[in-house]
Amino acid sequence: MGRALAAGTVTALALTGCLGPAGSARVASADASGDGTLRIGLILDNTGRQNFLNAPQLAAAQLAVKDINAAGGHKGKPVELLPETISTDTAAQAKALVAAKADVVIGPTDSSRAPAAIDVLSNAKVALISPANSASGLSNYKSGGYYFRTAAADVAQASVLAKLAKDGGAKTLAVLHEEGDYGTDVAAAVDSAAKQSGMDTVADAEFKPGQAQQAVAAAKAANPDAVVLVARDGAQGAIAELNNAGLAGKKLVLSDGAVNQYGSGLGARALDGARGILPGVFPSAAFQADLVAVDPGLKDMTFAAETYDAVILAAVAAAAAEDDAGTSIAASLVPVSGGAAAADGQTASPAASKVCTSYKDCEDALRAGQRPDYDGQSGRISFDSHGDITQANYVVYTYGEDNMAKMSGTETASSNGG
């Protein structure tokens, strides 16, 4: 369940980032330069305990290519999914895919490994779409406009966390966050969202994993109606401290990185009534069945919907551009996703379009002279000027007496956390 645990932090983005898409491939006009065959590559970077995240992404990419080719492929030719490798060296994977003539690459999973891949692929003018990167700093990373993601930035969850606290009757809020970019960025966004919704943040405390005692003491002294915990590695220890202080249970709202099946790892009923969120949508039964048909041994669906949509979007972009080159795909991704990007970095009003939910439907829209707006398995996408989705979907989980989480609802937020 802890899908956010797989996303790493991005270091030193401020040193290499830019603040706008000036000269960006996302808003540039591109001349046809492809060779007629659309080739899609995968960067699978999960090893060790995160290795389970590779299978659903691979199955989803294979399913998407199967569906595209069943609908006629790209300009009548089959779309190729290049052979995959698994390695944390995303730069090496990117170089190998460039050598294999990839036009677009899907991946990586870990945000901290994205810059290395972006640097290689943007230099080669190959589009990159990550189904899992969530670090907020990647929105402004210098990619020349070749980087996109079908996963929401971490800060997008802030308004949902604040809403859950308010829905529980809270008027005052304490925010406890783990040190690091993830904790700092999301906590700041939660504070802003709380103010916008009429709540007061009476405590905002940072802690190191395993050292949450002082932060919890500060929260307890403020006597908040609710506590939002923004954490990953230090989540379990912080929850235990909050429980000891009488601030767990129904008072507690967990960020995506803190959601897990804790069970007996916490004190009895520590999380009874607590709520938390995970990004994305729960895969439909039909989509799950299609994935299992591709990989009968598949046991996890994490990032499958986002991967499937990334591949379909790439193919629709190539179809709209009538060209398979990376420059053409990058220039077409924003409009075919239903988004709109202006050259000055602002988001423009999108032109009239036809919503389509499959590659075949999008192809039909193009043949009818309409601009396709692909809304897929992960929901509405609509890329903005930074290659970010403009609407983020979340599944809400509520914990029972056994400290186990069960799906209890869904929420939607804008990509900037509002």
# chains A, B, ... in the order shown; residues from 1 in each chain; ligands from 1
call {"tool": "residues_around", "arguments": {"residues": "stretch 97-107 of chain A", "least_positions_apart": "2", "cutoff": "9 Å", "atoms": "only C-alpha atoms", "output": "PyMOL selection string"}}
result
chain A and resi 34+37-45+57+61+81-82+92-95+109-110+114+117+120-121+124-133+149+307+310-311+314+324-327+329-330
call {"tool": "select_by_dssp", "arguments": {"residues": "stretch 164-293 of chain A", "states": "strand (DSSP E or B)", "output": "MDAnalysis selection string"}}
result
chainID A and resid 172:178 200:208 211 226:230 252:254 275:279
call {"tool": "closest_atom_pairs", "arguments": {"of": "stretch 197-290 of chain A", "to": "stretch 180-192 of chain A", "cutoff": "12 Å", "atoms": "only C-alpha atoms", "output": "CSV"}}
result
residue,atom,partner,partner_atom,distance
A:Ser197,CA,A:Ser192,CA,8.8
A:Gly198,CA,A:Ser192,CA,10.1
A:Met199,CA,A:Asp191,CA,8.9
A:Asp200,CA,A:Asp191,CA,8.3
A:Thr201,CA,A:Asp191,CA,6.3
A:Val202,CA,A:Asp191,CA,9.8
A:Ala203,CA,A:Asp191,CA,9.8
A:Asp204,CA,A:Ala187,CA,8.0
A:Ala205,CA,A:Ala187,CA,9.3
A:Glu206,CA,A:Thr184,CA,8.1
A:Phe207,CA,A:Gly183,CA,9.4
A:Lys208,CA,A:Gly180,CA,8.9
A:Pro209,CA,A:Gly180,CA,10.5
A:Val227,CA,A:Val190,CA,11.1
A:Val228,CA,A:Val190,CA,8.4
A:Leu229,CA,A:Ala187,CA,8.6
A:Val230,CA,A:Gly183,CA,5.6
A:Ala231,CA,A:Gly183,CA,6.1
A:Arg232,CA,A:Gly183,CA,8.4
A:Asp233,CA,A:Gly183,CA,10.8
A:Gly234,CA,A:Gly183,CA,10.7
A:Ala235,CA,A:Gly183,CA,11.0
A:Val253,CA,A:Val190,CA,11.4
A:Leu254,CA,A:Ala187,CA,11.5
A:Ser255,CA,A:Val186,CA,8.6
A:Asp256,CA,A:Val186,CA,10.4
A:Gly257,CA,A:Tyr182,CA,9.0
A:Ala258,CA,A:Gly183,CA,10.8
call {"tool": "write_last_selection", "arguments": {"atoms": "C-alpha atoms", "output": "CSV table (one decimal), in the first residue's frame"}}
result
chain,number,residue,atom,x,y,z
A,197,SER,CA,-10.2,26.4,4.8
A,198,GLY,CA,-10.6,28.4,7.9
A,199,MET,CA,-8.5,26.3,10.3
A,200,ASP,CA,-5.7,27.5,12.5
A,201,THR,CA,-2.3,25.7,12.6
A,202,VAL,CA,-1.4,25.8,16.3
A,203,ALA,CA,1.8,23.8,16.0
A,204,ASP,CA,4.2,23.0,13.2
A,205,ALA,CA,7.0,20.7,14.4
A,206,GLU,CA,9.8,18.9,12.5
A,207,PHE,CA,11.5,15.7,13.6
A,208,LYS,CA,14.1,13.2,12.6
A,209,PRO,CA,13.1,9.6,12.1
A,227,VAL,CA,-2.9,16.2,13.9
A,228,VAL,CA,-1.6,15.8,10.3
A,229,LEU,CA,1.5,13.6,10.2
A,230,VAL,CA,3.7,14.0,7.1
A,231,ALA,CA,6.3,11.3,7.2
A,232,ARG,CA,7.9,8.3,5.5
A,233,ASP,CA,10.7,6.4,7.3
A,234,GLY,CA,9.8,7.9,10.7
A,235,ALA,CA,6.1,7.4,10.5
A,253,VAL,CA,-4.6,12.2,9.5
A,254,LEU,CA,-1.7,10.5,7.6
A,255,SER,CA,0.1,11.7,4.5
A,256,ASP,CA,0.7,9.2,1.7
A,257,GLY,CA,4.1,8.4,2.9
A,258,ALA,CA,2.8,7.4,6.3
call {"tool": "atom_distance", "arguments": {"atom1": "atom CA of A:Val336", "atom2": "atom CA of A:Ala135"}}
result
24.2 Å
call {"tool": "closest_residue", "arguments": {"among": "A:Gly246, A:Lys360, A:Gln196, A:Pro224", "to": "A:Ala158", "atoms": "only C-alpha atoms"}}
result
A:Gln196
